[in-house]
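The next block holds one structure in the form of structure tokens; read it before the comments.
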Amino acid sequence: MSQADDSPAPSDARLTKQALRERLRLATLDMTPDERAEQSALICRRIVESSLWRSSQAVLLYSPLTSEVNVNSLIESVLSGIKIVSLPRFLSKSDRYAPYVIRQSGDVVDGAFGVREPSADCVELEPNQLDLVIVPGVGFDAFGARLGRGGGHYDRLLQGLTATICGVCFRQQVLPRVPEEAHDIKMDCIITPEGWLTGGPD
């Protein structure tokens, strides 16, 4: 993975990421509930109106935390439609997340790390069946880099996928540059309330 000349050296990237996470955590805490809801609605509308969404049959979404873009409206719309919708479920034995199909809101229960996830009765979806993955994050940049929460779980989930990987973020989460490490997975596209930060089919 290439780095710009002004990017932090790999040995410094982890410390830089920790500082950025704290800065962005404070920025999202300063957002009002109405502001989060408004930005989330704009992002979800842009996703639904995109050709990328319309052409995708199987999608992986996520159960949002307060600090993340709320995509529950997308989940609800897919459950009432013809797409296959899955959410990440944590598998403690292998310390990884995997996509599990949900068919109704009752399939989602309290899971690991305080995140809602598919119940044990749900069926795992083969990763190569996914067409589109919508990914949250702490921060993103216009080069497709994503700053996660620090556990590396999403990077392992996204590793080797053939699906289009699309990050979503509030405008407060856009950074000039995210420090990158070898294990970090690039986004194919990123959507903000203002539109496509990078990539995008439209």
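If you're wondering about the labels, chains in the structure tokens are A, B, ... by order shown, residues count from 1 in each chain, ligands from 1 in order shown.
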
Practice problem: With a distance cut-off of 12 Å and only C-alpha atoms, select the neighbouring residues of Arg25 of chain A, excluding the residue or stretch itself and same-chain residues fewer than 5 positions from it, and output the selection as an MDAnalysis selection string. | Solution: chainID A and resid 17:20 30:31 66:68 137:139 147:149 170 172:173

Practice problem: Extract the full set of alpha helix (DSSP H) residues from segment 37-193 of chain A according to DSSP on the backbone, and format it as an NGL selection string. | Solution: :A and (37-49 or 51-54 or 72-79 or 153-158)

Quiz prompt | Counting only C-alpha atoms, the residue of A:Leu60, A:Leu74, A:Val109, A:Ala13 that sits nearest Val135 of chain A | solution = A:Leu60

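Minimum distance to Leu158 of chain A across A:Leu197, A:Ile43, A:Met187, A:Leu79 (counting only C-alpha atoms) occurs at A:Met187.
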
Quiz item: Can you list, as an NGL selection string, every residue of chain A that DSSP puts in strand (DSSP E)?
Solution: :A and (58-60 or 84-91 or 96-102 or 108-110 or 116-118 or 123-124 or 132-135 or 139-140 or 146-147 or 164-168 or 189-192 or 195-198)

Deliver the residues from the most recent selection as a file, using C-alpha atoms, as a short mmCIF file (atom, residue, chain, number, x, y, z; two decimals), in the first residue's frame.
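This went into again28.cif:
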```cif
data_model
loop_
_atom_site.label_atom_id
_atom_site.label_comp_id
_atom_site.auth_asym_id
_atom_site.auth_seq_id
_atom_site.Cartn_x
_atom_site.Cartn_y
_atom_site.Cartn_z
CA ALA A 58 -26.66 -8.92 -1.64
CA VAL A 59 -25.52 -6.19 0.74
CA LEU A 60 -23.68 -6.09 4.05
CA ILE A 84 -30.42 -10.05 0.61
CA VAL A 85 -29.32 -8.09 3.68
CA SER A 86 -26.65 -9.22 6.10
CA LEU A 87 -24.98 -7.76 9.18
CA PRO A 88 -21.64 -8.63 10.78
CA ARG A 89 -21.81 -11.26 13.53
CA PHE A 90 -18.83 -11.76 15.85
CA LEU A 91 -17.43 -15.29 16.02
CA ARG A 96 -13.53 -12.34 13.59
CA TYR A 97 -16.74 -10.99 12.11
CA ALA A 98 -18.67 -12.72 9.33
CA PRO A 99 -21.79 -11.70 7.36
CA TYR A 100 -25.04 -13.31 8.54
CA VAL A 101 -28.36 -12.92 6.72
CA ILE A 102 -31.28 -11.29 8.53
CA VAL A 108 -30.99 -8.75 15.45
CA VAL A 109 -29.91 -9.08 19.10
CA ASP A 110 -27.38 -7.57 21.49
CA ARG A 116 -26.31 -5.33 17.75
CA GLU A 117 -25.80 -8.33 15.46
CA PRO A 118 -27.64 -11.27 13.87
CA VAL A 123 -27.38 -18.21 8.42
CA GLU A 124 -23.86 -17.19 7.44
CA LEU A 132 -21.92 -4.21 -1.76
CA VAL A 133 -20.53 -3.59 1.72
CA ILE A 134 -21.43 -0.38 3.58
CA VAL A 135 -18.72 0.35 6.14
CA GLY A 139 -12.60 8.86 9.96
CA PHE A 140 -11.99 8.76 6.21
CA ARG A 146 -10.41 4.50 6.61
CA LEU A 147 -9.66 5.01 10.29
CA THR A 164 -17.67 -2.94 -3.71
CA ILE A 165 -16.62 -1.51 -0.34
CA CYS A 166 -18.29 1.81 0.42
CA GLY A 167 -17.48 3.88 3.49
CA VAL A 168 -20.00 6.29 5.03
CA CYS A 189 -15.88 4.75 -2.56
CA ILE A 190 -16.95 6.95 0.35
CA ILE A 191 -20.23 8.84 0.80
CA THR A 192 -20.70 11.96 2.93
CA GLY A 195 -21.90 13.46 -1.89
CA TRP A 196 -19.10 11.12 -2.95
CA LEU A 197 -15.86 11.89 -1.16
CA THR A 198 -14.09 9.47 -3.48
#
```

Self-check item: Contact residues around Arg171 of chain A with only C-alpha atoms at 9 Å, ignoring same-chain residues under 6 positions, as a ChimeraX atom specification
Solution: /A:39,192-194

Exercise. Calculate how many Å separate atom CA of Ile82 of chain A from atom CA of Asp131 of chain A, rounding to one decimal.
Key: 13.9 Å

Quiz item: When distances are computed from only C-alpha atoms, which of A:Gly151, A:Ala142, A:Arg103, A:Leu161 shows the smallest separation from Val178 of chain A?
Solution: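 Selected residue with least distance to Val178 of chain A: A:Ala142.
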
Quiz item: Counting only C-alpha atoms, what is within 8 Å of Asp155 of chain A, bar same-chain residues fewer than 4 positions away, as a list in words?
Solution: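 The contact residues come out as Gln159, His183, Asp184 and Ile185 of chain A.
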
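Reported to one decimal place, the separation of atom CA of Arg23 of chain A from atom CA of Ala182 of chain A is 23.1 Å.
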
Quiz prompt | Nearest to Ile75 of chain A, chosen from A:Cys44, A:Cys122, A:Leu29, A:Leu52, with only C-alpha atoms counted in the distances | solution =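 Among A:Cys44, A:Cys122, A:Leu29, A:Leu52, it is A:Cys44 that comes nearest to Ile75 of chain A.
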
Quiz item: For Thr162 of chain A, which residue out of A:Ala37, A:Leu130, A:Ala145, A:Ile47 is the nearest one, using only C-alpha atoms?
Solution: A:Leu130

Quiz item: Of the residues A:Tyr154, A:Ser92, A:Leu65, A:Trp53, which is the one nearest to Arg36 of chain A, using only C-alpha atoms?
Solution: A:Leu65

Quiz item: What is the atom CA of Ser105 of chain A-atom CA of Glu76 of chain A distance in Å, reported with one decimal?
Solution: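 One can read the atom CA of Ser105 of chain A to atom CA of Glu76 of chain A distance as 7.8 Å.
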